[in-house]
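Novice: Structure file protein_21.tsv (TSV, C-alpha atoms) right here:
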```tsv
chain	number	residue	atom	x	y	z
J	1	MET	CA	54.09	97.80	106.27
J	2	THR	CA	57.62	96.58	105.44
J	3	TRP	CA	59.81	98.03	102.71
J	4	ARG	CA	59.18	94.92	100.65
J	5	GLU	CA	55.46	95.57	100.66
J	6	LEU	CA	55.76	99.12	99.35
J	7	SER	CA	55.13	99.63	95.64
J	8	ASP	CA	57.86	101.21	93.54
J	9	ALA	CA	55.86	104.45	93.47
J	10	GLN	CA	55.47	104.48	97.26
J	11	LEU	CA	59.16	103.84	97.71
J	12	VAL	CA	60.09	106.67	95.33
J	13	ALA	CA	57.72	109.04	97.15
J	14	ARG	CA	59.43	108.25	100.45
J	15	CYS	CA	62.87	108.74	98.91
J	16	ARG	CA	61.77	112.10	97.55
J	17	ALA	CA	60.64	113.09	101.04
J	18	GLY	CA	64.21	112.52	102.25
J	19	ASP	CA	63.77	109.12	103.87
J	20	GLU	CA	67.26	107.64	103.74
J	21	ALA	CA	66.10	104.18	104.77
J	22	ALA	CA	63.72	104.24	101.81
J	23	TRP	CA	66.61	105.13	99.52
J	24	ALA	CA	68.65	102.19	100.87
J	25	SER	CA	65.65	99.97	100.23
J	26	LEU	CA	65.29	101.29	96.68
J	27	VAL	CA	68.96	100.55	96.00
J	28	GLU	CA	68.54	97.04	97.40
J	29	ARG	CA	65.37	96.47	95.34
J	30	PHE	CA	66.98	97.38	92.01
J	31	SER	CA	70.60	96.45	92.65
J	32	ARG	CA	70.36	93.06	90.97
J	33	TYR	CA	68.69	94.59	87.92
J	34	VAL	CA	71.33	97.28	87.41
J	35	HIS	CA	74.13	94.80	88.07
J	36	ALA	CA	72.64	92.31	85.62
J	37	ILE	CA	72.49	94.92	82.85
J	38	ALA	CA	76.04	96.19	83.36
J	39	ALA	CA	77.84	92.94	84.16
J	40	GLY	CA	75.53	90.43	82.50
J	41	ALA	CA	74.12	92.04	79.37
J	42	TYR	CA	77.00	94.36	78.45
J	43	ARG	CA	79.74	92.16	79.94
J	44	LEU	CA	81.53	95.17	81.43
J	45	SER	CA	84.61	94.51	83.54
J	46	PRO	CA	83.94	94.50	87.30
J	47	SER	CA	85.53	97.94	87.62
J	48	ASP	CA	83.49	99.47	84.79
J	49	ALA	CA	80.34	97.72	85.96
J	50	GLU	CA	80.80	99.17	89.43
J	51	ASP	CA	81.26	102.68	88.04
J	52	VAL	CA	78.11	102.31	85.95
J	53	PHE	CA	76.24	100.89	88.94
J	54	GLN	CA	77.15	103.85	91.17
J	55	GLU	CA	76.49	106.42	88.46
J	56	ALA	CA	73.10	104.92	87.60
J	57	PHE	CA	71.95	105.23	91.20
J	58	ALA	CA	73.50	108.70	91.57
J	59	ARG	CA	71.53	109.90	88.52
J	60	THR	CA	68.38	108.31	89.84
J	61	TYR	CA	68.86	110.07	93.16
J	62	GLU	CA	69.33	113.41	91.41
J	63	HIS	CA	66.36	112.72	89.15
J	64	LEU	CA	63.84	111.78	91.85
J	65	ASP	CA	62.10	115.17	91.73
J	66	ARG	CA	61.72	115.01	87.97
J	67	LEU	CA	60.38	111.49	87.46
J	68	ARG	CA	57.21	111.76	85.39
J	69	ASP	CA	55.83	108.57	86.84
J	70	ASP	CA	57.07	107.22	90.18
J	71	ALA	CA	55.95	103.72	89.23
J	72	ALA	CA	58.25	103.84	86.19
J	73	VAL	CA	61.45	104.12	88.21
J	74	ARG	CA	62.67	100.67	87.12
J	75	PRO	CA	62.40	101.36	83.36
J	76	TRP	CA	64.04	104.73	83.96
J	77	LEU	CA	66.87	103.10	85.87
J	78	GLY	CA	67.21	100.45	83.20
J	79	GLN	CA	67.43	102.99	80.39
J	80	THR	CA	69.95	105.08	82.34
J	81	THR	CA	72.09	102.01	83.01
J	82	ARG	CA	72.01	100.96	79.35
J	83	ARG	CA	73.10	104.43	78.23
J	84	LEU	CA	75.92	104.49	80.76
J	85	CYS	CA	77.10	101.06	79.58
J	86	VAL	CA	77.17	102.19	75.95
J	87	ASP	CA	79.02	105.38	76.93
J	88	ARG	CA	81.55	103.31	78.84
J	89	LEU	CA	82.13	101.00	75.87
J	90	ARG	CA	82.43	103.94	73.46
J	91	ALA	CA	84.94	105.65	75.75
J	92	ALA	CA	87.05	102.48	75.72
J	93	ARG	CA	86.90	102.22	71.92
J	94	PRO	CA	86.33	105.75	70.58
J	95	SER	CA	87.07	104.92	66.95
J	96	GLY	CA	86.14	101.25	66.75
J	97	PRO	CA	82.80	99.50	66.42
J	98	LEU	CA	81.09	98.25	69.57
J	99	ASP	CA	80.03	95.09	67.77
J	100	ASP	CA	82.62	92.51	68.74
J	101	GLY	CA	81.04	89.12	69.17
J	102	GLU	CA	79.49	88.83	72.58
J	103	ARG	CA	78.98	92.61	72.69
J	104	SER	CA	77.27	92.79	69.30
J	105	SER	CA	74.03	94.72	69.49
J	106	GLY	CA	72.09	91.53	68.73
J	107	ALA	CA	73.75	89.60	71.53
J	108	VAL	CA	73.31	92.45	74.01
J	109	ASP	CA	69.65	92.95	73.02
J	110	GLU	CA	69.00	89.26	73.49
J	111	ARG	CA	70.55	89.30	76.96
J	112	LEU	CA	68.62	92.46	77.88
J	113	GLU	CA	65.40	90.74	76.82
J	114	GLN	CA	66.30	87.75	79.01
J	115	ILE	CA	66.91	90.07	81.96
J	116	GLU	CA	63.46	91.61	81.51
J	117	GLN	CA	62.02	88.07	81.62
J	118	ALA	CA	64.10	87.42	84.73
J	119	VAL	CA	62.53	90.49	86.37
J	120	VAL	CA	59.09	88.97	85.81
J	121	VAL	CA	60.26	85.69	87.34
J	122	ARG	CA	61.72	87.47	90.36
J	123	ASP	CA	58.48	89.40	90.84
J	124	ALA	CA	56.64	86.07	90.92
J	125	LEU	CA	59.25	84.66	93.31
J	126	LYS	CA	58.38	87.40	95.82
J	127	ARG	CA	54.88	85.92	96.10
J	128	LEU	CA	56.19	82.55	97.31
J	129	SER	CA	56.94	81.67	100.92
J	130	ASP	CA	60.16	83.00	102.44
J	131	ASP	CA	61.52	79.44	102.51
J	132	CYS	CA	60.97	78.96	98.79
J	133	GLN	CA	62.41	82.37	97.96
J	134	GLU	CA	65.50	81.62	99.98
J	135	ILE	CA	66.17	78.15	98.64
J	136	LEU	CA	65.58	79.06	94.98
J	137	ASP	CA	67.67	82.20	95.23
J	138	ARG	CA	70.53	80.40	96.93
J	139	PHE	CA	70.55	77.57	94.40
J	140	PHE	CA	69.98	79.41	91.12
J	141	ALA	CA	71.13	82.99	91.68
J	142	ARG	CA	73.85	82.55	94.27
J	143	ASP	CA	75.05	79.26	92.84
J	144	GLU	CA	75.24	77.53	96.21
J	145	SER	CA	75.60	73.76	96.50
J	146	TYR	CA	73.08	71.53	98.27
J	147	ARG	CA	75.54	71.21	101.12
J	148	ALA	CA	75.99	74.98	101.53
J	149	ILE	CA	72.23	75.53	101.37
J	150	GLY	CA	71.60	72.78	103.89
J	151	GLU	CA	74.12	74.25	106.32
J	152	ALA	CA	72.83	77.81	105.88
J	153	LEU	CA	69.18	76.89	106.33
J	154	SER	CA	69.72	74.03	108.82
J	155	ILE	CA	67.90	71.50	106.68
J	156	PRO	CA	69.15	68.04	105.60
J	157	ALA	CA	71.06	68.26	102.32
J	158	GLY	CA	69.18	65.15	101.14
J	159	THR	CA	65.89	67.05	101.09
J	160	ILE	CA	67.14	70.07	99.14
J	161	ALA	CA	66.53	68.65	95.66
J	162	SER	CA	62.91	67.84	96.42
J	163	ARG	CA	62.39	71.25	98.03
J	164	ILE	CA	63.85	72.99	94.98
J	165	SER	CA	61.58	70.99	92.68
J	166	ARG	CA	58.53	71.77	94.80
J	167	CYS	CA	59.35	75.48	94.99
J	168	LEU	CA	60.06	75.63	91.26
J	169	ARG	CA	56.66	74.12	90.52
J	170	ARG	CA	55.06	76.73	92.77
J	171	LEU	CA	56.98	79.45	91.01
J	172	ARG	CA	55.88	78.13	87.63
J	173	ASP	CA	52.29	78.06	88.87
J	174	GLN	CA	52.65	81.67	90.03
J	175	LEU	CA	53.92	82.67	86.62
J	176	GLU	CA	51.01	80.89	84.98
J	177	GLY	CA	48.51	82.44	87.38
J	178	ARG	CA	47.57	79.13	88.94
J	179	SER	CA	48.49	79.80	92.55
J	180	ASP	CA	48.03	82.44	95.22
J	181	ALA	CA	50.83	81.50	97.57
J	182	GLY	CA	53.82	79.27	97.93
T	183	MET	CA	73.45	76.81	88.65
T	184	PRO	CA	75.41	74.06	90.44
T	185	ASP	CA	75.61	70.68	88.67
T	186	ASP	CA	73.63	68.86	91.35
T	187	ARG	CA	70.26	70.00	90.03
T	188	PRO	CA	67.10	68.02	90.78
T	189	GLU	CA	66.73	65.13	88.33
T	190	ASP	CA	63.01	65.56	87.83
T	191	MET	CA	63.29	69.19	86.75
T	192	GLU	CA	61.02	69.85	83.80
T	193	HIS	CA	62.14	71.89	80.85
T	194	ASP	CA	60.08	75.00	81.54
T	195	GLU	CA	61.17	74.88	85.16
T	196	GLU	CA	64.72	74.64	83.93
T	197	ASP	CA	64.12	77.87	81.99
T	198	ILE	CA	62.75	79.50	85.11
T	199	GLY	CA	65.84	78.42	87.04
T	200	ARG	CA	68.08	79.78	84.28
T	201	LEU	CA	66.28	83.14	84.41
T	202	LEU	CA	66.70	83.27	88.19
T	203	GLY	CA	70.40	82.75	87.60
T	204	LEU	CA	70.60	85.86	85.43
T	205	MET	CA	70.06	88.09	88.44
T	206	PRO	CA	72.60	87.24	91.13
T	207	PRO	CA	73.04	89.66	94.01
T	208	ALA	CA	75.17	92.70	93.22
T	209	PRO	CA	78.39	92.83	95.27
T	210	GLY	CA	77.58	93.94	98.81
T	211	GLY	CA	80.09	96.79	98.74
T	212	TRP	CA	78.46	98.31	95.64
T	213	VAL	CA	75.04	98.21	97.23
T	214	ALA	CA	76.32	99.67	100.50
T	215	ALA	CA	78.09	102.53	98.72
T	216	ALA	CA	75.01	103.40	96.63
T	217	ALA	CA	72.84	103.26	99.75
T	218	GLU	CA	75.17	105.80	101.38
T	219	LEU	CA	74.48	108.34	98.63
T	220	PRO	CA	72.23	110.73	100.59
T	221	ARG	CA	74.69	110.77	103.50
T	222	ALA	CA	77.60	111.15	101.09
T	223	ARG	CA	75.94	114.15	99.44
T	224	ARG	CA	75.34	115.80	102.80
T	225	ALA	CA	78.88	115.10	103.98
T	226	LEU	CA	80.27	116.39	100.71
T	227	ALA	CA	78.31	119.64	100.98
T	228	ASP	CA	79.58	120.07	104.51
T	229	VAL	CA	83.19	119.40	103.54
T	230	GLU	CA	82.89	121.81	100.61
T	231	SER	CA	81.45	124.56	102.77
T	232	ARG	CA	84.22	124.11	105.34
T	233	PHE	CA	86.96	124.05	102.74
T	234	ALA	CA	85.82	126.66	100.26
T	235	ASP	CA	89.21	127.65	98.85
T	236	GLU	CA	90.93	125.31	96.43
T	237	PRO	CA	94.13	124.45	98.38
T	238	ALA	CA	92.19	123.66	101.54
T	239	ARG	CA	89.74	121.60	99.56
T	240	ALA	CA	92.52	119.63	97.88
T	241	GLU	CA	94.03	118.93	101.26
T	242	ALA	CA	90.67	117.86	102.66
T	243	THR	CA	90.18	115.54	99.70
T	244	ALA	CA	93.59	113.98	100.30
T	245	ARG	CA	92.73	113.47	103.95
T	246	LEU	CA	89.12	112.59	103.33
T	247	GLU	CA	88.54	110.37	106.34
T	248	GLN	CA	89.85	113.04	108.69
T	249	ALA	CA	87.90	115.78	106.89
T	250	LEU	CA	84.68	113.81	107.26
T	251	ALA	CA	85.41	113.17	110.91
T	252	ASP	CA	86.11	116.89	111.38
T	253	ALA	CA	82.73	117.58	109.77
T	254	GLY	CA	81.09	115.36	112.41
T	255	VAL	CA	80.44	112.41	110.11
T	256	VAL	CA	81.54	108.85	110.87
T	257	PRO	CA	83.84	108.01	107.93
T	258	THR	CA	82.70	104.47	107.16
T	259	PRO	CA	84.57	102.82	104.25
T	260	GLU	CA	81.39	102.97	102.13
T	261	LEU	CA	80.90	106.67	102.84
T	262	VAL	CA	84.53	107.55	102.14
T	263	ARG	CA	84.30	105.57	98.93
T	264	ALA	CA	81.09	107.30	97.86
T	265	VAL	CA	82.38	110.81	98.65
T	266	ARG	CA	85.67	110.10	96.91
T	267	ARG	CA	83.74	108.94	93.86
T	268	HIS	CA	81.76	112.18	93.79
T	269	LEU	CA	84.86	114.30	94.20
T	270	ALA	CA	86.51	112.42	91.34
T	271	GLY	CA	83.44	112.71	89.13
```
Once you've parsed the file, please lay out its structure as structure tokens.
Specialist:
Amino acid sequence: MTWRELSDAQLVARCRAGDEAAWASLVERFSRYVHAIAAGAYRLSPSDAEDVFQEAFARTYEHLDRLRDDAAVRPWLGQTTRRLCVDRLRAARPSGPLDDGERSSGAVDERLEQIEQAVVVRDALKRLSDDCQEILDRFFARDESYRAIGEALSIPAGTIASRISRCLRRLRDQLEGRSDAG
Amino acid sequence: MPDDRPEDMEHDEEDIGRLLGLMPPAPGGWVAAAAELPRARRALADVESRFADEPARAEATARLEQALADAGVVPTPELVRAVRRHLAG
């Protein structure tokens, strides 16, 4: 069984047993989520976002023995990251309000909600073929051009658009429960 | 997403693409440093036990790469970064 196939609870159990490779896999699994909250939802500077990122995982590591539910590690990590972001913003503006336009609580809440939806989409993405996962991730998440994708995957750039469309349809079908594989 | 998106993309698929774009990879260095955490904790405990008194510890912190090497740990940039972060915190 590969790391990818382990459930969150199984991965946490292995981390708790001292498996360092499992810990590295847990960090990899949730790194985008924590990064998205700090840099995307709260719009922290890269330096602050990195500090929050490291602290969130450090607290998770220290908290492994006390998790009430191993399967709930992602919500726990999400809540910890959100608290750290708010602390960071308060430390930067101890006497002022946090609500300043794009960091207003409404705007942040809306972005957090979008990130939770994105988690669902990424979970569905994992059920597609490796090719579809790769091409959709490169195009949408890593912002790569057709040319860069074509070169990286050794496929003609002219076929990328149709592949993206096909993979997107499969992903939509996954999300709507209409497909078993991609 | 890049501008050269597929022309026949439907609206709900466009939403799905937008949601995928909300979760780009975290910077590789951040992920590598967080992954080093267990090793960093062990190395830190070792350094602390070797340099129990404050002046020696301060010196070890200043020469962290050498102190880690003295403790038998390969001082990779990620590990040094992670240990330094813990010492600072």
Novice: Quick one: pull the distance between atom CA of Ala24 of chain J and atom CA of Ala225 of chain T, Å, one decimal.
Specialist: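 It comes out at 16.8 Å.
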Novice: Arg200 of chain T: which residues within 10 Å, counting only C-alpha atoms, same-chain residues fewer than 2 positions away excluded, as a list in words?
Specialist: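 Near neighbours after the sequence-gap exclusion: Gln114, Ala118, Phe140 and Ala141 of chain J; Met183, Asp194, Glu195, Glu196, Asp197, Ile198, Leu202, Gly203, Leu204 and Met205 of chain T.
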Novice: Using Å and a single decimal, report how far atom CA of Ala264 of chain T sits from atom CA of Ala215 of chain T.
Specialist: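 Taking atom CA of Ala215 of chain T as the start and atom CA of Ala264 of chain T as the end point, the length is 5.7 Å.
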Novice: I need the contact residues of chain J against chain T, so if you could list those with any atom within 8 Å, counting all atoms listed in the file, and return them as an MDAnalysis selection string, that would help.
Specialist: chainID J and resid 20 23:25 27:28 31:33 35:36 40 50 53:54 57:58 114:115 117:118 121:122 136:137 139:146 161:162 164:165 168:169 172
Novice: Within 10 Å of (66.6, 107.6, 88.9), all atoms listed in the file: residues as a ChimeraX atom specification?
Specialist: /J:12,55-67,70,72-81
Novice: Report, in Å to a single decimal, how far apart atom CA of Trp3 of chain J and atom CA of Ala38 of chain J are.
Specialist: 25.3 Å
Novice: Smallest atom-to-atom distance to Glu5 of chain J: which of J:Ile155, J:Lys126, J:Cys85, J:Arg163, using only C-alpha atoms?
Specialist: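 Among the listed residues, J:Lys126 lies closest to Glu5 of chain J.
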Novice: For Val255 of chain T, find every residue with an atom within 12 Å (counting all atoms listed in the file), except residues of its own chain fewer than 2 positions away, and show them as number ranges by chain.
Specialist: T: 221-229, 246-253, 257-259, 261-262, 265
Novice: Enclose the full set of atoms of segment 24-32 of chain J listed in the file within a box whose edges lie along x, y and z, apply 3 Å of padding to each of the six sides, and report centre and edge lengths in Å to one decimal as AutoDock Vina command-line options.
Specialist:
```
--center_x 67.9 --center_y 97.6 --center_z 95.9 --size_x 11.3 --size_y 15.1 --size_z 15.9
```
Novice: Would you kindly return, as a list of chain:residue names, each protein, DNA or RNA residue with an atom no farther than 12 Å from any atom of segment 105-110 of chain J, considering only C-alpha atoms and excluding same-chain residues fewer than 6 positions away?
Specialist: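 What passes the distance filter is J:Ala36, J:Ile37, J:Ala38, J:Ala39, J:Gly40, J:Ala41, J:Tyr42, J:Arg43, J:Leu44, J:Arg82, J:Cys85, J:Val86, J:Pro97, J:Leu98, J:Asp99, J:Glu116, J:Gln117.
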Novice: Quick one: segment 207-246 of chain T with N, CA and C atoms, as a PDB file, in the first residue's frame?
Specialist:
```
ATOM      1  N   PRO T 207       0.742  24.201  -5.147  1.00  0.00           N
ATOM      2  CA  PRO T 207       1.683  23.561  -4.220  1.00  0.00           C
ATOM      3  C   PRO T 207       2.301  24.602  -3.287  1.00  0.00           C
ATOM      4  N   ALA T 208       2.528  24.210  -2.037  1.00  0.00           N
ATOM      5  CA  ALA T 208       3.276  25.074  -1.127  1.00  0.00           C
ATOM      6  C   ALA T 208       4.732  25.093  -1.590  1.00  0.00           C
ATOM      7  N   PRO T 209       5.466  26.174  -1.303  1.00  0.00           N
ATOM      8  CA  PRO T 209       6.879  26.197  -1.709  1.00  0.00           C
ATOM      9  C   PRO T 209       7.621  24.960  -1.204  1.00  0.00           C
ATOM     10  N   GLY T 210       8.452  24.401  -2.081  1.00  0.00           N
ATOM     11  CA  GLY T 210       9.142  23.147  -1.754  1.00  0.00           C
ATOM     12  C   GLY T 210       9.970  23.222  -0.484  1.00  0.00           C
ATOM     13  N   GLY T 211      10.614  24.373  -0.256  1.00  0.00           N
ATOM     14  CA  GLY T 211      11.450  24.529   0.933  1.00  0.00           C
ATOM     15  C   GLY T 211      10.640  24.471   2.223  1.00  0.00           C
ATOM     16  N   TRP T 212       9.428  25.003   2.190  1.00  0.00           N
ATOM     17  CA  TRP T 212       8.558  24.956   3.379  1.00  0.00           C
ATOM     18  C   TRP T 212       8.204  23.510   3.705  1.00  0.00           C
ATOM     19  N   VAL T 213       7.841  22.785   2.653  1.00  0.00           N
ATOM     20  CA  VAL T 213       7.420  21.393   2.847  1.00  0.00           C
ATOM     21  C   VAL T 213       8.596  20.560   3.358  1.00  0.00           C
ATOM     22  N   ALA T 214       9.767  20.789   2.760  1.00  0.00           N
ATOM     23  CA  ALA T 214      10.947  20.022   3.173  1.00  0.00           C
ATOM     24  C   ALA T 214      11.303  20.311   4.629  1.00  0.00           C
ATOM     25  N   ALA T 215      11.214  21.579   5.034  1.00  0.00           N
ATOM     26  CA  ALA T 215      11.553  21.932   6.419  1.00  0.00           C
ATOM     27  C   ALA T 215      10.556  21.301   7.394  1.00  0.00           C
ATOM     28  N   ALA T 216       9.271  21.345   7.067  1.00  0.00           N
ATOM     29  CA  ALA T 216       8.263  20.746   7.962  1.00  0.00           C
ATOM     30  C   ALA T 216       8.433  19.226   8.027  1.00  0.00           C
ATOM     31  N   ALA T 217       8.818  18.634   6.902  1.00  0.00           N
ATOM     32  CA  ALA T 217       9.022  17.176   6.883  1.00  0.00           C
ATOM     33  C   ALA T 217      10.211  16.766   7.748  1.00  0.00           C
ATOM     34  N   GLU T 218      11.143  17.701   7.943  1.00  0.00           N
ATOM     35  CA  GLU T 218      12.341  17.420   8.745  1.00  0.00           C
ATOM     36  C   GLU T 218      12.071  17.508  10.244  1.00  0.00           C
ATOM     37  N   LEU T 219      10.859  17.859  10.615  1.00  0.00           N
ATOM     38  CA  LEU T 219      10.558  18.141  12.026  1.00  0.00           C
ATOM     39  C   LEU T 219      10.986  17.046  13.004  1.00  0.00           C
ATOM     40  N   PRO T 220      10.659  15.775  12.751  1.00  0.00           N
ATOM     41  CA  PRO T 220      11.080  14.751  13.722  1.00  0.00           C
ATOM     42  C   PRO T 220      12.606  14.702  13.882  1.00  0.00           C
ATOM     43  N   ARG T 221      13.323  14.801  12.751  1.00  0.00           N
ATOM     44  CA  ARG T 221      14.777  14.767  12.803  1.00  0.00           C
ATOM     45  C   ARG T 221      15.307  16.023  13.501  1.00  0.00           C
ATOM     46  N   ALA T 222      14.644  17.153  13.232  1.00  0.00           N
ATOM     47  CA  ALA T 222      15.063  18.406  13.866  1.00  0.00           C
ATOM     48  C   ALA T 222      14.897  18.322  15.380  1.00  0.00           C
ATOM     49  N   ARG T 223      13.782  17.730  15.808  1.00  0.00           N
ATOM     50  CA  ARG T 223      13.548  17.609  17.261  1.00  0.00           C
ATOM     51  C   ARG T 223      14.619  16.721  17.901  1.00  0.00           C
ATOM     52  N   ARG T 224      14.941  15.643  17.234  1.00  0.00           N
ATOM     53  CA  ARG T 224      15.956  14.733  17.778  1.00  0.00           C
ATOM     54  C   ARG T 224      17.322  15.420  17.826  1.00  0.00           C
ATOM     55  N   ALA T 225      17.649  16.106  16.737  1.00  0.00           N
ATOM     56  CA  ALA T 225      18.949  16.794  16.679  1.00  0.00           C
ATOM     57  C   ALA T 225      19.008  17.885  17.742  1.00  0.00           C
ATOM     58  N   LEU T 226      17.897  18.570  17.923  1.00  0.00           N
ATOM     59  CA  LEU T 226      17.849  19.644  18.908  1.00  0.00           C
ATOM     60  C   LEU T 226      18.070  19.091  20.316  1.00  0.00           C
ATOM     61  N   ALA T 227      17.410  17.982  20.619  1.00  0.00           N
ATOM     62  CA  ALA T 227      17.563  17.368  21.946  1.00  0.00           C
ATOM     63  C   ALA T 227      19.010  16.962  22.170  1.00  0.00           C
ATOM     64  N   ASP T 228      19.631  16.454  21.106  1.00  0.00           N
ATOM     65  CA  ASP T 228      21.019  16.023  21.221  1.00  0.00           C
ATOM     66  C   ASP T 228      21.940  17.215  21.449  1.00  0.00           C
ATOM     67  N   VAL T 229      21.711  18.275  20.662  1.00  0.00           N
ATOM     68  CA  VAL T 229      22.531  19.484  20.816  1.00  0.00           C
ATOM     69  C   VAL T 229      22.353  20.049  22.222  1.00  0.00           C
ATOM     70  N   GLU T 230      21.117  20.076  22.695  1.00  0.00           N
ATOM     71  CA  GLU T 230      20.844  20.640  24.031  1.00  0.00           C
ATOM     72  C   GLU T 230      21.516  19.821  25.127  1.00  0.00           C
ATOM     73  N   SER T 231      21.513  18.496  24.951  1.00  0.00           N
ATOM     74  CA  SER T 231      22.125  17.667  25.992  1.00  0.00           C
ATOM     75  C   SER T 231      23.651  17.827  25.983  1.00  0.00           C
ATOM     76  N   ARG T 232      24.210  18.067  24.799  1.00  0.00           N
ATOM     77  CA  ARG T 232      25.658  18.232  24.703  1.00  0.00           C
ATOM     78  C   ARG T 232      26.105  19.609  25.190  1.00  0.00           C
ATOM     79  N   PHE T 233      25.223  20.569  25.039  1.00  0.00           N
ATOM     80  CA  PHE T 233      25.597  21.937  25.418  1.00  0.00           C
ATOM     81  C   PHE T 233      24.612  22.435  26.469  1.00  0.00           C
ATOM     82  N   ALA T 234      24.724  21.848  27.652  1.00  0.00           N
ATOM     83  CA  ALA T 234      23.732  22.130  28.693  1.00  0.00           C
ATOM     84  C   ALA T 234      23.857  23.551  29.241  1.00  0.00           C
ATOM     85  N   ASP T 235      25.083  24.044  29.403  1.00  0.00           N
ATOM     86  CA  ASP T 235      25.188  25.380  30.012  1.00  0.00           C
ATOM     87  C   ASP T 235      24.972  26.462  28.954  1.00  0.00           C
ATOM     88  N   GLU T 236      24.498  27.588  29.414  1.00  0.00           N
ATOM     89  CA  GLU T 236      24.021  28.644  28.523  1.00  0.00           C
ATOM     90  C   GLU T 236      25.082  29.163  27.546  1.00  0.00           C
ATOM     91  N   PRO T 237      26.298  29.489  27.994  1.00  0.00           N
ATOM     92  CA  PRO T 237      27.296  30.004  27.033  1.00  0.00           C
ATOM     93  C   PRO T 237      27.614  28.987  25.923  1.00  0.00           C
ATOM     94  N   ALA T 238      27.758  27.732  26.329  1.00  0.00           N
ATOM     95  CA  ALA T 238      28.073  26.707  25.323  1.00  0.00           C
ATOM     96  C   ALA T 238      26.917  26.540  24.351  1.00  0.00           C
ATOM     97  N   ARG T 239      25.713  26.656  24.889  1.00  0.00           N
ATOM     98  CA  ARG T 239      24.545  26.498  24.035  1.00  0.00           C
ATOM     99  C   ARG T 239      24.445  27.663  23.033  1.00  0.00           C
ATOM    100  N   ALA T 240      24.719  28.855  23.529  1.00  0.00           N
ATOM    101  CA  ALA T 240      24.682  30.030  22.643  1.00  0.00           C
ATOM    102  C   ALA T 240      25.707  29.891  21.532  1.00  0.00           C
ATOM    103  N   GLU T 241      26.866  29.361  21.902  1.00  0.00           N
ATOM    104  CA  GLU T 241      27.906  29.187  20.888  1.00  0.00           C
ATOM    105  C   GLU T 241      27.491  28.118  19.872  1.00  0.00           C
ATOM    106  N   ALA T 242      26.889  27.048  20.393  1.00  0.00           N
ATOM    107  CA  ALA T 242      26.432  25.975  19.499  1.00  0.00           C
ATOM    108  C   ALA T 242      25.372  26.491  18.541  1.00  0.00           C
ATOM    109  N   THR T 243      24.490  27.364  19.073  1.00  0.00           N
ATOM    110  CA  THR T 243      23.427  27.920  18.239  1.00  0.00           C
ATOM    111  C   THR T 243      24.023  28.783  17.130  1.00  0.00           C
ATOM    112  N   ALA T 244      25.057  29.541  17.496  1.00  0.00           N
ATOM    113  CA  ALA T 244      25.701  30.412  16.505  1.00  0.00           C
ATOM    114  C   ALA T 244      26.406  29.582  15.440  1.00  0.00           C
ATOM    115  N   ARG T 245      26.918  28.429  15.853  1.00  0.00           N
ATOM    116  CA  ARG T 245      27.612  27.565  14.886  1.00  0.00           C
ATOM    117  C   ARG T 245      26.786  26.305  14.682  1.00  0.00           C
ATOM    118  N   LEU T 246      25.538  26.511  14.308  1.00  0.00           N
ATOM    119  CA  LEU T 246      24.582  25.409  14.317  1.00  0.00           C
ATOM    120  C   LEU T 246      24.981  24.252  13.398  1.00  0.00           C
TER     121      LEU T 246
END
```
